[in-house]
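Let me begin by presenting the structure, written as structure tokens, before commenting on it.
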Amino acid sequence: MATPVIGRRVLRNEDARLLTGRALFVDDVQLPGMLHVAFLRSDFAHGRLKRLDVSAARARPGVVAVYESADLGDYSKPAPLLVNPPPIPGHVFHACTPLPLAKDKVRFVGEPMAMIVAESRYLAEDALRDCVADIEPIDAVIDLEAALAPGAPLVHEHLTSNAAAHVLQRKGNYQQARQAADLLVKRRFLYDRGVAAALENRAVVARWEPRAEELTIWDTTQAPIPIRNGLARMLGLLESQVQVIAPFVGGGFGPKIMMFYPEELLLPWASMQLRRPLKWAEDRQENFYATTQERGQVHDAEMALTRDGRVLGVHDVFLCDTGAYDPYGLTIPINSQCTLLGPYDIPNYESEFTSVFTNRPIVTPVRGAGRQHGVFVSERLLDIAAKELGIDLVEIRKRNLLGPDRFPHNHEIMFQDSAPLIYDSGNYLPTLEHAARAIGYDDFRRTEQARLRAEGKHVGIGIACYVEGTGIGPYEGARVTVEPSGKVRVATGVGTQGQGHFTVFAQVVAEVLGVAVEDVRVVTGDTREFHWGTGTFASRGAVVAGSACHAAAMSVRGKILDLASSVLRVAPDRLELAGGRVRVSGSDDAGIGLGELSGKANPLRGAVRPGTEPGLESTAYFGPDRGSTASGVHAIMVEVDPETAAVAIKRYLVVHDCGTMINPLLVEGQIHGGVAHGIGNAFYEQLVYDEQGQLLNASFMDYLLPTATDVPPIEAAHRETPSPFNALGLKGVGEAGCIPSGAVFAQAVEDALSGYGLEIREIPLSPNRLFELIERARRP
Amino acid sequence: MTLGGTFTFAGPRPLVWDLLQDPAVLAKALPGTKTLTRTGDDKFEGTMKVSVGPVTAAEFAVTVTLENRVAPASFAMQIDGKGAIGFTRGTATVDLQEQPESATLMTYSADVLVGGRIAAVGQRLIESVAKMMIRQALDALNKELQSRVQGGA
């Protein structure tokens, strides 16, 4: 019997290429005759574009073309709406998507107004300085509440207000719950914006090949197939004339999903106009404006509880900043709405949100995608209620967790994928107990905290629960081929941004076919290799594409056993696959190598039997009805210096349940990256805009990312509650590391400063903001 | 960004007033000014080169429009600067009061919006750079004033 490969801590297949600099990134693509592109962007957050004079830029030697909106002709159309709002009764949604280049009006600092194509990037950037944009400023819409006030300037003047959407979802009857409650806690919670800060910025290379009439695009997208399909449609080409390659990409985190960014739309078009290949690579400063961002929300939330800490219901009204346009529909606020329910049994829930247009860069999902906010609100309300009721923070959570007998659990509201919010499986209490035990919660509460305080040390623990909706449909596919060398090739459509797809998909296939993991070569993100699928987002790669790989491998396995049975004249049930061979059970030498068998499946003479196909190859798809729900608990211990507000994270512990793990090492990698991202969100990263929409910290000098010294060693522990929705029992893990970080951080800092009267209701807590809060709490 | 302050010139108010309306003098006094010319009764146009922190020597096309002139006591300015790395626009008021020993007290205040890359990258330094530039300009003007006072005496 072969040793199981799924579940093993296999080192990554792709690392040799990545670590030695042999992996291809978009900016590595060099083509003969390639031209370079720079974009003229608005310096104003809100204004009328009265006149744009690009004549001097056009006249500059080395400039090949300059395009403004009027030059695009019919190609100047609003970008596609990427996600339709789920059919929630009574919802209001105004779709406003951007033009490739602004016309008449600019709506955020960084909105592109003209595209310059030159012989080099230097010349293109020089030509930016030749352009004169005459913009008449309009007061910027920045504050979410002021945006909705009567008489506020309108971001989109064909609408009557800056409200982009309104949704109300209900389960049970909150008003009745409220009346039955012994305690109501009501607070306002704030969560502010950050950037995804991927190591690699965005980049696009486009080449129209006039002889072949084919367009090839190298793009840092997370979703090459939708980009190919959309570009083909917009450019009037067959899908098969367009190839999109998303090679190695240095981090996605959401803003690289199928965005149809202006740069993605314009380079292919201009390459066809000019019949030359074009390249654009975003610089870090552009990234602060031109790449989508997330996280601005304001929640007014109330929790109704009984005296013994049982939650009867939650009522939440929130505003969600969608930026200047809303191409991603309602995904983020619906994630906030749904994730607030967490792992808890909340029988009555009323949640209402208004999405708000502002003169800030466009908001689309960033790792967590609204889930943070829901978790922050419910966990903070539980903390506040526990204090008022005199119940321990862990105990109040235990009293409200859904028990293992409650699955599948229908929350009676609709999730972002237009399916009802139904949890597939989960076992929450042991996860919480594991985390509390591992961080030494009981001892800390009984004696340790007081002992440390007596020594003058302000140490606290934070412990917070969360769920993560993962692995949503619609589907992904994979093709598995056994090659004559005996090695196996897997092609799938999702893009890869460092997750380890070349390893986890290889493990799934290796397990089914009995080959070595390093003998499985995975190809992702190239539409010539595989052209059905949606992309990498929503923690779905391993679940959905992984399950497709499994299905395709199972089908190939069937073909292998069939053919081997006839070649070896042995019944299939006596055959096993191991070591790259088909072996007859109980016999060491009888059998055939997979490579040789693949040759027999592709004969040069004779005939392939009717009803069979040549080769040991299969394509299969996996499309779940709905996502699978992962869960976990983060527990941290911090020490706070009340004089300087410096926070040192002493321990960071994650107990996580993403169902069956394909590779625990990579699950931990996802958690580590997520936690680092979460620490940034919680304590360092904040985009600071002035009242006229100018971003004041658009560089890594002023925008603080956590560094290696700010991210402590992360202790990860796993539980496995398999999902019943797929053959391997998989759930996603991509966002888990950063979802509860705000909640756990606030709780821990508050706990460390117990006695100071501090109540943290906002994230991020920059070091200076925490200092202000401490000073304010100290004042009598 | 709001800026404001006072400065005492060692010279009589009408002379200070004249200096402040003289583009040739202002061009010399304002650090980084490459050109400054009067293009209308109340209008100056020119170019300035300004360094703010990591943003080195950025060139701005500047238009200053004078308003509400009450010679020799007060005036207001509309300032509009545009460059490849951003823009500034704002209003300022200048008030001149006679002081004993024929000195002049200037009280100024400005409300300036800075946008684009210069705001994004230079934000931490803009205010201190602006204050430094004002201080250098006023010192230079005062020097010019004294040479005029002495020349006239």
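Please note that chains go A, B, ... in the order of the structure tokens, that every chain numbers its residues from 1, and that ligands are numbered from 1 in the order shown.
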
Pull the closest atom pair for each residue of chain A that gets at most 6 Å from chain B, along with the distance in Å to one decimal, counting only C-alpha atoms, ordering rows by chain and then ascending residue number, as a Markdown table.
```
| residue | atom | partner | partner_atom | distance |
| --- | --- | --- | --- | --- |
| A:Asp43 | CA | B:Gly116 | CA | 4.4 |
| A:Arg129 | CA | B:Ala84 | CA | 4.9 |
| A:Gln694 | CA | B:Gly115 | CA | 5.9 |
| A:Leu695 | CA | B:Ala120 | CA | 5.5 |
| A:Leu696 | CA | B:Ala120 | CA | 4.4 |
| A:Asn697 | CA | B:Ala120 | CA | 5.2 |
| A:Ala698 | CA | B:Ala120 | CA | 4.9 |
```

What residues in stretch 303-493 of chain A get the DSSP label alpha helix (DSSP H)? Please answer as a ChimeraX atom specification. /A:331-339,371-389,393-398,428-438,441-443,449-454

Expressed in Å, the length from atom CA of A:Met258 to atom CA of A:Gln297 is 23.7 Å

Write out as a ChimeraX atom specification each polymer residue whose atoms come within 8 Å of stretch 133-144 of chain A, counting only C-alpha atoms; drop sequence neighbours fewer than 2 positions from it. /A:44-53,131,146-148,152-155,319-321,356-360,691-693

Find the distance between atom CA of A:Ile679 and atom CA of A:Ser628 and write it in Å to one decimal.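 Atom-to-atom, atom CA of A:Ile679 to atom CA of A:Ser628, that is 25.7 Å.
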
If you count only C-alpha atoms, which residues fall within 8 Å of B:Thr33, apart from same-chain ones fewer than 2 positions away, as a VMD selection string? chain B and resid 27 to 28 30 to 31 35 to 36 46 to 49

I want to know what sits within 9 Å of stretch 114-117 of chain A, based on only C-alpha atoms, with residues of the same chain fewer than 4 positions away left out; could you give that as a ChimeraX atom specification? /A:35-41,52,54,57-58,62-69,101-102,121,123-125,127-128,131,263,266,270,278

Save the residues we just selected, C-alpha atoms, as an mmCIF file, in the first residue's frame?
```
data_model
loop_
_atom_site.group_PDB
_atom_site.id
_atom_site.type_symbol
_atom_site.label_atom_id
_atom_site.label_comp_id
_atom_site.auth_asym_id
_atom_site.auth_seq_id
_atom_site.Cartn_x
_atom_site.Cartn_y
_atom_site.Cartn_z
ATOM 1 C CA LEU A 35 7.008 49.763 -25.886
ATOM 2 C CA HIS A 36 6.400 51.066 -22.383
ATOM 3 C CA VAL A 37 3.392 52.697 -20.833
ATOM 4 C CA ALA A 38 2.779 55.279 -18.128
ATOM 5 C CA PHE A 39 -0.538 56.682 -16.989
ATOM 6 C CA LEU A 40 -1.456 60.291 -16.299
ATOM 7 C CA ARG A 41 -3.473 60.233 -13.094
ATOM 8 C CA LEU A 52 -6.748 67.854 -21.075
ATOM 9 C CA VAL A 54 -1.567 66.227 -24.273
ATOM 10 C CA ALA A 57 3.454 64.908 -24.738
ATOM 11 C CA ARG A 58 2.584 63.729 -28.248
ATOM 12 C CA GLY A 62 10.302 58.826 -28.235
ATOM 13 C CA VAL A 63 6.593 59.073 -27.491
ATOM 14 C CA VAL A 64 4.701 56.738 -29.823
ATOM 15 C CA ALA A 65 1.132 57.448 -28.810
ATOM 16 C CA VAL A 66 -0.928 59.280 -26.229
ATOM 17 C CA TYR A 67 -4.510 58.276 -25.630
ATOM 18 C CA GLU A 68 -7.138 60.200 -23.755
ATOM 19 C CA SER A 69 -10.720 59.102 -23.278
ATOM 20 C CA LEU A 101 -9.850 56.734 -18.811
ATOM 21 C CA ALA A 102 -11.726 59.453 -16.959
ATOM 22 C CA ARG A 121 9.335 53.950 -19.354
ATOM 23 C CA LEU A 123 10.357 58.721 -21.774
ATOM 24 C CA ALA A 124 6.762 57.827 -20.949
ATOM 25 C CA GLU A 125 7.134 59.301 -17.474
ATOM 26 C CA ALA A 127 5.889 62.861 -21.136
ATOM 27 C CA LEU A 128 3.509 62.770 -18.160
ATOM 28 C CA CYS A 131 0.399 66.983 -20.022
ATOM 29 C CA GLU A 263 -4.386 49.066 -17.437
ATOM 30 C CA LEU A 266 -5.945 49.432 -22.359
ATOM 31 C CA ALA A 270 -3.318 49.694 -27.675
ATOM 32 C CA LEU A 278 3.476 46.943 -24.629
#
```

Residues at most 12 Å from stretch 129-146 of chain B, counting only C-alpha atoms, excluding those fewer than 5 positions away in the same chain, as a count of residues only? 60

Taking 3 positions as the minimum chain separation for residues in the same chain, which residues sit within 10 Å of A:Gly755 when counting only C-alpha atoms? Answer as a PDB file with C-alpha atoms, in the first residue's frame.
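The resulting file, around_3.pdb, is reproduced below:
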```
ATOM      1  CA  GLU A 750      -7.654  46.157  26.961  1.00  0.00           C
ATOM      2  CA  ASP A 751      -6.910  43.215  29.205  1.00  0.00           C
ATOM      3  CA  ALA A 752      -3.280  44.255  29.661  1.00  0.00           C
ATOM      4  CA  LEU A 758     -10.041  51.522  28.259  1.00  0.00           C
ATOM      5  CA  ALA A 777      -9.012  56.983  29.582  1.00  0.00           C
ATOM      6  CA  ARG A 778      -6.651  58.315  32.268  1.00  0.00           C
TER       7      ARG A 778
END
```

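You will find atom CA of A:Gly615 at 22.1 Å from atom CA of A:Asp526.
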